[in-house]
>>> print(open('entry.csv').read())   # CSV, C-alpha atoms
chain,number,residue,atom,x,y,z
W,91,MET,CA,54.1,71.4,109.7
W,92,GLY,CA,50.5,72.1,110.6
W,93,ALA,CA,50.5,75.4,108.7
W,94,ALA,CA,52.1,73.8,105.6
W,95,SER,CA,49.6,71.0,105.8
W,96,LEU,CA,46.6,73.4,105.8
W,97,VAL,CA,47.9,75.1,102.7
W,98,ALA,CA,49.2,72.2,100.6
W,99,GLY,CA,46.6,69.5,101.4
W,100,PRO,CA,43.4,71.4,100.3
W,101,LEU,CA,45.1,72.7,97.1
W,102,LEU,CA,46.3,69.3,96.1
W,103,VAL,CA,42.8,67.8,96.6
W,104,LEU,CA,41.2,70.6,94.5
W,105,ALA,CA,43.8,70.2,91.7
W,106,GLY,CA,43.2,66.5,91.6
W,107,VAL,CA,39.4,66.8,91.6
W,108,LEU,CA,39.5,69.3,88.7
W,109,LEU,CA,41.8,67.2,86.6
W,110,ARG,CA,39.1,64.5,86.2
W,111,VAL,CA,36.1,66.8,86.0
W,112,ARG,CA,35.4,66.0,82.3
W,113,PHE,CA,34.9,62.3,82.9
W,114,SER,CA,31.7,60.6,84.2
W,115,PHE,CA,31.5,59.9,87.9
W,116,PHE,CA,31.0,56.1,88.0
W,117,PHE,CA,33.8,53.6,88.0
W,118,PRO,CA,33.4,52.1,84.4
W,119,ALA,CA,34.0,55.6,83.0
W,120,GLN,CA,36.9,56.2,85.4
W,121,LEU,CA,38.5,53.0,84.2
W,122,ASN,CA,37.9,53.9,80.6
W,123,ALA,CA,39.4,57.3,81.2
W,124,TYR,CA,42.5,55.7,82.7
W,125,GLU,CA,42.9,53.5,79.6
W,126,ARG,CA,42.7,56.5,77.3
W,127,HIS,CA,44.5,59.0,79.5
W,128,PRO,CA,46.7,57.1,82.0
W,129,HIS,CA,49.0,60.0,82.8
W,130,LEU,CA,46.2,62.4,83.5
W,131,MET,CA,44.2,60.0,85.6
W,132,THR,CA,47.4,58.9,87.5
W,133,ALA,CA,48.1,62.6,88.3
W,134,SER,CA,44.5,63.2,89.3
W,135,TYR,CA,44.2,60.3,91.7
W,136,SER,CA,47.8,60.9,93.1
W,137,LEU,CA,47.2,64.5,93.9
W,138,VAL,CA,43.9,63.8,95.7
W,139,ALA,CA,45.5,60.9,97.6
W,140,ALA,CA,48.5,63.1,98.6
W,141,GLY,CA,46.2,65.9,99.6
W,142,TRP,CA,44.2,63.8,102.0
W,143,ALA,CA,47.3,62.1,103.5
W,144,LEU,CA,49.0,65.5,104.0
W,145,LEU,CA,46.1,67.0,105.9
W,146,TRP,CA,46.5,65.1,109.1
W,147,PRO,CA,49.0,67.6,110.7
W,148,GLY,CA,46.6,70.5,109.8
W,149,VAL,CA,43.7,68.7,111.3
W,150,ALA,CA,45.7,68.2,114.5
W,151,LEU,CA,46.5,71.9,114.5
W,152,LEU,CA,42.9,72.9,114.0
W,153,ALA,CA,41.7,70.5,116.7
W,154,ASP,CA,44.3,71.9,119.1
W,155,ARG,CA,43.0,75.4,118.6
W,156,ILE,CA,39.4,74.2,119.1
W,157,GLY,CA,40.5,72.4,122.2
W,158,THR,CA,41.4,75.5,124.0
W,159,ARG,CA,37.7,76.2,124.5
W,160,PHE,CA,35.8,73.0,123.6
W,161,ARG,CA,37.9,69.9,124.4
W,162,GLU,CA,35.3,67.3,123.5
W,163,LEU,CA,34.5,68.7,120.1
W,164,ALA,CA,38.2,69.0,119.4
W,165,VAL,CA,38.9,65.4,120.4
W,166,TRP,CA,36.0,63.8,118.6
W,167,GLY,CA,36.2,66.0,115.5
W,168,GLY,CA,40.0,65.6,115.2
W,169,VAL,CA,40.0,61.8,115.8
W,170,LEU,CA,37.1,61.1,113.5
W,171,THR,CA,38.5,63.3,110.7
W,172,VAL,CA,41.9,61.6,110.9
W,173,LEU,CA,40.3,58.2,110.9
W,174,GLY,CA,38.4,59.3,107.8
W,175,LEU,CA,41.8,60.3,106.2
W,176,PHE,CA,43.0,56.8,106.9
W,177,ALA,CA,40.0,55.4,105.1
W,178,ARG,CA,40.5,57.6,102.1
W,179,ALA,CA,44.1,56.4,101.9
W,180,PHE,CA,42.8,52.8,101.8
W,181,HIS,CA,40.4,53.8,99.0
W,182,ALA,CA,43.3,55.3,97.1
W,183,GLY,CA,45.2,52.0,97.3
W,184,VAL,CA,42.2,50.2,95.9
W,185,ASP,CA,42.0,52.8,93.1
W,186,HIS,CA,45.6,52.2,92.3
W,187,ALA,CA,45.1,48.4,92.2
W,188,ASP,CA,42.1,48.7,89.9
W,189,PHE,CA,44.0,50.9,87.5
W,190,GLN,CA,46.7,48.3,87.3
W,191,LEU,CA,44.0,45.8,86.2
W,192,VAL,CA,43.3,48.2,83.3
W,193,THR,CA,47.0,48.2,82.3
W,194,ALA,CA,47.2,44.4,82.5
W,195,HIS,CA,43.8,43.3,81.1
W,196,GLY,CA,42.0,46.4,79.6
W,197,ALA,CA,39.2,48.6,80.9
W,198,ALA,CA,36.4,46.2,80.1
W,199,SER,CA,37.9,43.3,82.0
W,200,ALA,CA,38.8,45.6,84.9
W,201,ALA,CA,35.3,46.9,85.1
W,202,ARG,CA,33.9,43.4,85.3
W,203,THR,CA,36.3,42.6,88.1
W,204,VAL,CA,35.4,45.7,90.0
W,205,SER,CA,31.7,45.2,89.5
W,206,GLU,CA,32.0,41.6,90.9
W,207,THR,CA,34.0,42.6,94.0
W,208,TYR,CA,32.7,46.1,94.7
W,209,GLY,CA,30.8,45.1,97.9
W,210,ALA,CA,33.6,43.0,99.4
W,211,PHE,CA,34.0,43.5,103.1
W,212,HIS,CA,36.9,45.5,104.4
W,213,VAL,CA,37.5,46.9,107.9
W,214,PHE,CA,37.7,50.5,106.7
W,215,SER,CA,34.0,50.5,105.6
W,216,ALA,CA,33.3,51.1,109.3
W,217,LEU,CA,34.9,54.5,108.9
W,218,ASN,CA,32.6,55.8,106.2
W,219,ALA,CA,30.6,57.8,108.8
W,220,ALA,CA,33.9,59.2,110.1
W,221,ILE,CA,34.8,60.4,106.7
W,222,MET,CA,31.7,62.6,106.6
W,223,GLY,CA,31.0,63.3,110.3
W,224,GLY,CA,34.5,64.3,111.4
W,225,TRP,CA,34.5,67.4,109.2
W,226,ILE,CA,31.1,68.5,110.5
W,227,LEU,CA,32.3,68.2,114.1
W,228,LEU,CA,35.4,70.2,113.3
W,229,ALA,CA,33.3,72.9,111.5
W,230,VAL,CA,31.0,73.2,114.5
W,231,GLY,CA,33.9,73.3,116.9
W,232,ALA,CA,35.9,75.8,114.8
W,233,TYR,CA,32.9,78.1,114.7
W,234,ARG,CA,32.0,77.8,118.4
W,235,ALA,CA,35.7,78.3,119.4
W,236,ARG,CA,35.9,81.3,117.0
W,237,VAL,CA,38.8,79.8,115.1
W,238,LEU,CA,36.7,80.2,111.9
W,239,GLY,CA,33.9,82.6,111.1
W,240,PRO,CA,30.5,81.4,110.0
W,241,LEU,CA,31.1,81.4,106.3
W,242,ARG,CA,34.5,79.5,106.5
W,243,ALA,CA,33.1,77.1,109.1
W,244,ALA,CA,30.2,76.4,106.7
W,245,ALA,CA,32.8,75.8,103.9
W,246,LEU,CA,34.6,73.4,106.1
W,247,GLY,CA,31.4,71.5,106.8
W,248,LEU,CA,30.9,71.2,103.0
W,249,VAL,CA,33.9,68.7,102.9
W,250,SER,CA,31.5,66.1,104.3
W,251,VAL,CA,29.7,65.9,100.9
W,252,MET,CA,32.9,64.8,99.1
W,253,PRO,CA,32.0,61.4,97.5
W,254,LEU,CA,33.7,58.5,99.3
W,255,GLY,CA,34.7,55.1,98.2
W,256,VAL,CA,36.7,53.8,95.3
W,257,LEU,CA,37.0,55.1,91.7
W,258,LYS,CA,34.8,58.1,92.3
W,259,GLY,CA,34.9,60.8,89.6
W,260,THR,CA,34.2,64.5,90.0
W,261,THR,CA,30.7,66.0,90.5
W,262,ALA,CA,29.5,69.4,91.4
W,263,TRP,CA,29.6,68.3,95.1
W,264,SER,CA,33.2,67.2,94.7
W,265,VAL,CA,34.2,70.6,93.4
W,266,ALA,CA,32.2,72.4,96.2
W,267,ALA,CA,33.7,70.2,98.9
W,268,ALA,CA,37.3,70.7,97.6
W,269,ALA,CA,36.7,74.5,97.2
W,270,GLY,CA,35.2,74.6,100.7
W,271,LEU,CA,38.3,72.9,102.1
W,272,CYS,CA,40.5,75.5,100.4
W,273,VAL,CA,38.4,78.4,101.6
W,274,ALA,CA,38.3,77.2,105.2
W,275,LEU,CA,41.8,76.0,105.7
W,276,VAL,CA,44.3,77.7,103.4
W,277,PRO,CA,43.9,81.1,105.0
W,278,LEU,CA,44.2,79.5,108.4
W,279,GLY,CA,47.4,77.8,107.3
W,280,VAL,CA,48.8,81.1,106.0
W,281,ALA,CA,47.9,82.9,109.2
W,282,ALA,CA,49.5,80.1,111.3
W,283,TRP,CA,52.7,80.3,109.2
W,284,ARG,CA,52.9,84.1,109.7
W,285,THR,CA,52.3,84.1,113.4
W,286,GLY,CA,54.7,81.3,114.2
W,287,PRO,CA,58.3,81.7,115.0
W,288,THR,CA,60.3,83.1,112.1
W,289,PRO,CA,63.4,80.9,111.3
W,290,ARG,CA,66.5,82.3,109.8
W,291,ALA,CA,66.9,82.2,106.0
W,292,ALA,CA,69.8,79.7,106.3
W,293,THR,CA,67.5,77.4,108.4
W,294,VAL,CA,64.8,77.5,105.9
W,295,VAL,CA,67.1,76.7,103.0
W,296,GLY,CA,68.7,73.9,105.0
W,297,ARG,CA,65.3,72.4,105.8
W,298,LEU,CA,64.2,72.6,102.1
W,299,VAL,CA,67.4,70.9,101.0
W,300,LEU,CA,67.0,68.2,103.7
W,301,VAL,CA,63.4,67.6,102.6
W,302,GLY,CA,64.5,67.4,99.0
W,303,VAL,CA,67.3,64.9,99.7
W,304,VAL,CA,65.2,62.8,102.1
W,305,GLY,CA,62.2,62.9,99.8
W,306,THR,CA,64.3,61.7,96.8
W,307,ALA,CA,65.9,59.0,98.8
W,308,MET,CA,62.5,57.8,100.1
W,309,PHE,CA,61.1,57.8,96.6
W,310,CYS,CA,64.0,55.8,95.2
W,311,PHE,CA,63.8,53.3,98.1
W,312,GLY,CA,60.1,52.9,97.6
W,313,ARG,CA,60.5,52.3,93.9
W,314,ALA,CA,63.3,49.7,94.6
W,315,GLY,CA,61.1,47.8,97.1
>>> encode(input="entry.csv", output="structure tokens")
Amino acid sequence: MGAASLVAGPLLVLAGVLLRVRFSFFFPAQLNAYERHPHLMTASYSLVAAGWALLWPGVALLADRIGTRFRELAVWGGVLTVLGLFARAFHAGVDHADFQLVTAHGAASAARTVSETYGAFHVFSALNAAIMGGWILLAVGAYRARVLGPLRAAALGLVSVMPLGVLKGTTAWSVAAAAGLCVALVPLGVAAWRTGPTPRAATVVGRLVLVGVVGTAMFCFGRAG
């Protein structure tokens, strides 16, 4: 699971970031883009949200490897990074709600509502520092534990510059952070996959079928609820 997470999570984030690269960064433009291109923007924000959510097993695997040599860095880096993923999941929920305002009342009305409520208190605002700092601690730990070389550790540290908050578009920093995530983690995930125990082909097929069936059932149950 950790290996699959390290491969899938970064690629989903990068794909989602690139899908909205042609639209302006700030929230009025993001809401207007959703009004004109709802399917594209839904795909973009969904891919990014899924990518962040799927990263937690990979972060746990990376922290475990760092912990063999530097336990404190592994614990604090891993915990802060996962807390940051929780905060990004909350932001994704707010993004979804704001886009539904566009569907119900139009982009102009949604922009007014977002502008009037943008600074409202929420408990996850306390995790903004974790969103940025966790990746830096993981990068330092991965380098010192020799899990990642200097270039890939620096690429992992770049994830800290990914814009945070709600309705954030794509900037050069967004692309750099998402690309850094891929450069740092995807090869690590592939290597972990290759060095792990090799299941039989029947087992692999069975697991894929099980994931497909359970995933479909969960999707239908979620839509019904």
>>> residues_around(input="entry.csv", residues="Ala282 in chain W", least_positions_apart="6", cutoff="9 Å", atoms="all atoms listed in the file", output="list in words")
Gly92, Ala93 and Ala94 of chain W
>>> residues_around(input="entry.csv", residues="Val237 in chain W", least_positions_apart="5", cutoff="8 Å", atoms="all atoms listed in the file", output="count of residues only")
3
>>> closest_residue(input="entry.csv", among="W:Pro277, W:Pro147, W:Gly302, W:Gly255", to="Val184 in chain W", atoms="all atoms listed in the file")
W:Gly255
>>> closest_residue(input="entry.csv", among="W:Ala140, W:Ala245, W:Val172, W:Ala235", to="Val265 in chain W", atoms="all atoms listed in the file")
W:Ala245
>>> residues_near_point(input="entry.csv", point="(44.6, 68.0, 94.8)", cutoff="10 Å", atoms="only C-alpha atoms", output="PyMOL selection string")
chain W and resi 98-109+133-142+268
>>> residues_around(input="entry.csv", residues="Tyr124 in chain W", least_positions_apart="6", cutoff="8 Å", atoms="all atoms listed in the file", output="list of chain:residue names")
W:Leu130, W:Met131, W:Thr132, W:Phe189, W:Val192
>>> residues_near_point(input="entry.csv", point="(40.9, 66.4, 113.9)", cutoff="9 Å", atoms="only C-alpha atoms", output="VMD selection string")
chain W and resid 146 to 154 164 to 173 224 to 225 227 to 228
>>> residues_around(input="entry.csv", residues="range 115-119 of chain W", least_positions_apart="4", cutoff="9 Å", atoms="only C-alpha atoms", output="list in words")
Val111, Ala123, Tyr124, Ala197, Ala198, Ala200, Ala201, Arg202, Val204, Ser205, Val256, Leu257, Lys258, Gly259, Thr260 and Thr261 of chain W
>>> closest_residue(input="entry.csv", among="W:Phe311, W:Asp185, W:Ala274, W:Thr193", to="His127 in chain W", atoms="all atoms listed in the file")
W:Thr193
>>> atom_distance(input="entry.csv", atom1="CA of Leu246 in chain W", atom2="CA of Gly223 in chain W")
11.5 Å
>>> atom_distance(input="entry.csv", atom1="CA of Ala187 in chain W", atom2="CA of Leu145 in chain W")
23.1 Å
>>> atom_distance(input="entry.csv", atom1="CA of Ser250 in chain W", atom2="CA of Leu217 in chain W")
12.9 Å
>>> build_atoms(input="entry.csv", residues="range 106-117 of chain W", atoms="all heavy atoms", output="compact mmCIF listing (two decimals), in the frame of the given file")
# COMPACT_ATOMS: atom_id res chain seq x y z
N GLY W 106 43.51 67.82 92.03
CA GLY W 106 43.20 66.50 91.60
C GLY W 106 41.79 66.28 91.15
O GLY W 106 41.50 65.62 90.14
N VAL W 107 40.87 66.85 91.90
CA VAL W 107 39.40 66.80 91.60
C VAL W 107 39.16 67.42 90.22
O VAL W 107 38.40 66.89 89.39
CB VAL W 107 38.60 67.39 92.69
CG1 VAL W 107 37.19 67.68 92.23
CG2 VAL W 107 38.58 66.48 93.91
N LEU W 108 39.76 68.57 89.98
CA LEU W 108 39.50 69.30 88.70
C LEU W 108 40.10 68.59 87.52
O LEU W 108 39.56 68.70 86.41
CB LEU W 108 40.07 70.72 88.84
CG LEU W 108 39.35 71.65 89.84
CD1 LEU W 108 40.04 73.00 89.90
CD2 LEU W 108 37.88 71.82 89.46
N LEU W 109 41.18 67.85 87.70
CA LEU W 109 41.80 67.20 86.60
C LEU W 109 40.90 66.13 85.94
O LEU W 109 41.01 65.85 84.75
CB LEU W 109 43.12 66.52 87.02
CG LEU W 109 44.35 67.42 87.11
CD1 LEU W 109 45.56 66.62 87.58
CD2 LEU W 109 44.66 68.08 85.75
N ARG W 110 40.00 65.53 86.73
CA ARG W 110 39.10 64.50 86.20
C ARG W 110 37.68 64.96 86.04
O ARG W 110 36.77 64.13 85.91
CB ARG W 110 39.22 63.23 87.02
CG ARG W 110 38.86 63.34 88.49
CD ARG W 110 38.96 61.95 89.14
NE ARG W 110 38.60 61.92 90.53
CZ ARG W 110 39.45 61.80 91.55
NH1 ARG W 110 40.75 61.74 91.30
NH2 ARG W 110 39.03 61.74 92.80
N VAL W 111 37.46 66.26 86.02
CA VAL W 111 36.10 66.80 86.00
C VAL W 111 35.36 66.43 84.73
O VAL W 111 34.12 66.32 84.73
CB VAL W 111 36.11 68.31 86.25
CG1 VAL W 111 36.69 69.05 85.05
CG2 VAL W 111 34.71 68.83 86.58
N ARG W 112 36.05 66.23 83.62
CA ARG W 112 35.40 66.00 82.30
C ARG W 112 34.92 64.54 82.14
O ARG W 112 34.24 64.24 81.18
CB ARG W 112 36.27 66.40 81.18
CG ARG W 112 37.60 65.69 81.07
CD ARG W 112 38.46 66.37 80.02
NE ARG W 112 39.83 65.94 79.99
CZ ARG W 112 40.38 65.28 78.97
NH1 ARG W 112 39.66 65.00 77.91
NH2 ARG W 112 41.64 64.93 79.01
N PHE W 113 35.30 63.66 83.07
CA PHE W 113 34.90 62.30 82.90
C PHE W 113 33.74 61.94 83.83
O PHE W 113 33.57 62.52 84.89
CB PHE W 113 36.10 61.35 83.29
CG PHE W 113 37.34 61.64 82.48
CD1 PHE W 113 38.50 62.11 83.09
CD2 PHE W 113 37.35 61.46 81.11
CE1 PHE W 113 39.63 62.37 82.36
CE2 PHE W 113 38.48 61.73 80.36
CZ PHE W 113 39.63 62.19 80.98
N SER W 114 32.92 60.98 83.40
CA SER W 114 31.70 60.60 84.20
C SER W 114 32.13 60.06 85.53
O SER W 114 33.22 59.52 85.74
CB SER W 114 30.95 59.53 83.39
OG SER W 114 29.80 59.14 84.12
N PHE W 115 31.21 60.16 86.48
CA PHE W 115 31.50 59.90 87.90
C PHE W 115 31.72 58.41 88.19
O PHE W 115 32.56 58.06 89.01
CB PHE W 115 30.30 60.41 88.72
CG PHE W 115 30.36 60.07 90.18
CD1 PHE W 115 31.23 60.73 91.02
CD2 PHE W 115 29.54 59.09 90.72
CE1 PHE W 115 31.29 60.42 92.38
CE2 PHE W 115 29.59 58.77 92.07
CZ PHE W 115 30.46 59.45 92.90
N PHE W 116 30.98 57.51 87.54
CA PHE W 116 31.00 56.10 88.00
C PHE W 116 32.18 55.34 87.48
O PHE W 116 32.84 55.72 86.49
CB PHE W 116 29.67 55.44 87.52
CG PHE W 116 28.46 56.02 88.21
CD1 PHE W 116 27.62 56.89 87.53
CD2 PHE W 116 28.20 55.73 89.53
CE1 PHE W 116 26.52 57.43 88.17
CE2 PHE W 116 27.10 56.27 90.17
CZ PHE W 116 26.26 57.14 89.49
N PHE W 117 32.48 54.23 88.16
CA PHE W 117 33.80 53.60 88.00
C PHE W 117 34.03 53.04 86.55
O PHE W 117 35.20 53.09 86.11
CB PHE W 117 33.95 52.42 88.99
CG PHE W 117 33.12 51.20 88.76
CD1 PHE W 117 33.54 50.20 87.88
CD2 PHE W 117 31.92 51.02 89.43
CE1 PHE W 117 32.79 49.06 87.68
CE2 PHE W 117 31.16 49.88 89.23
CZ PHE W 117 31.60 48.89 88.35
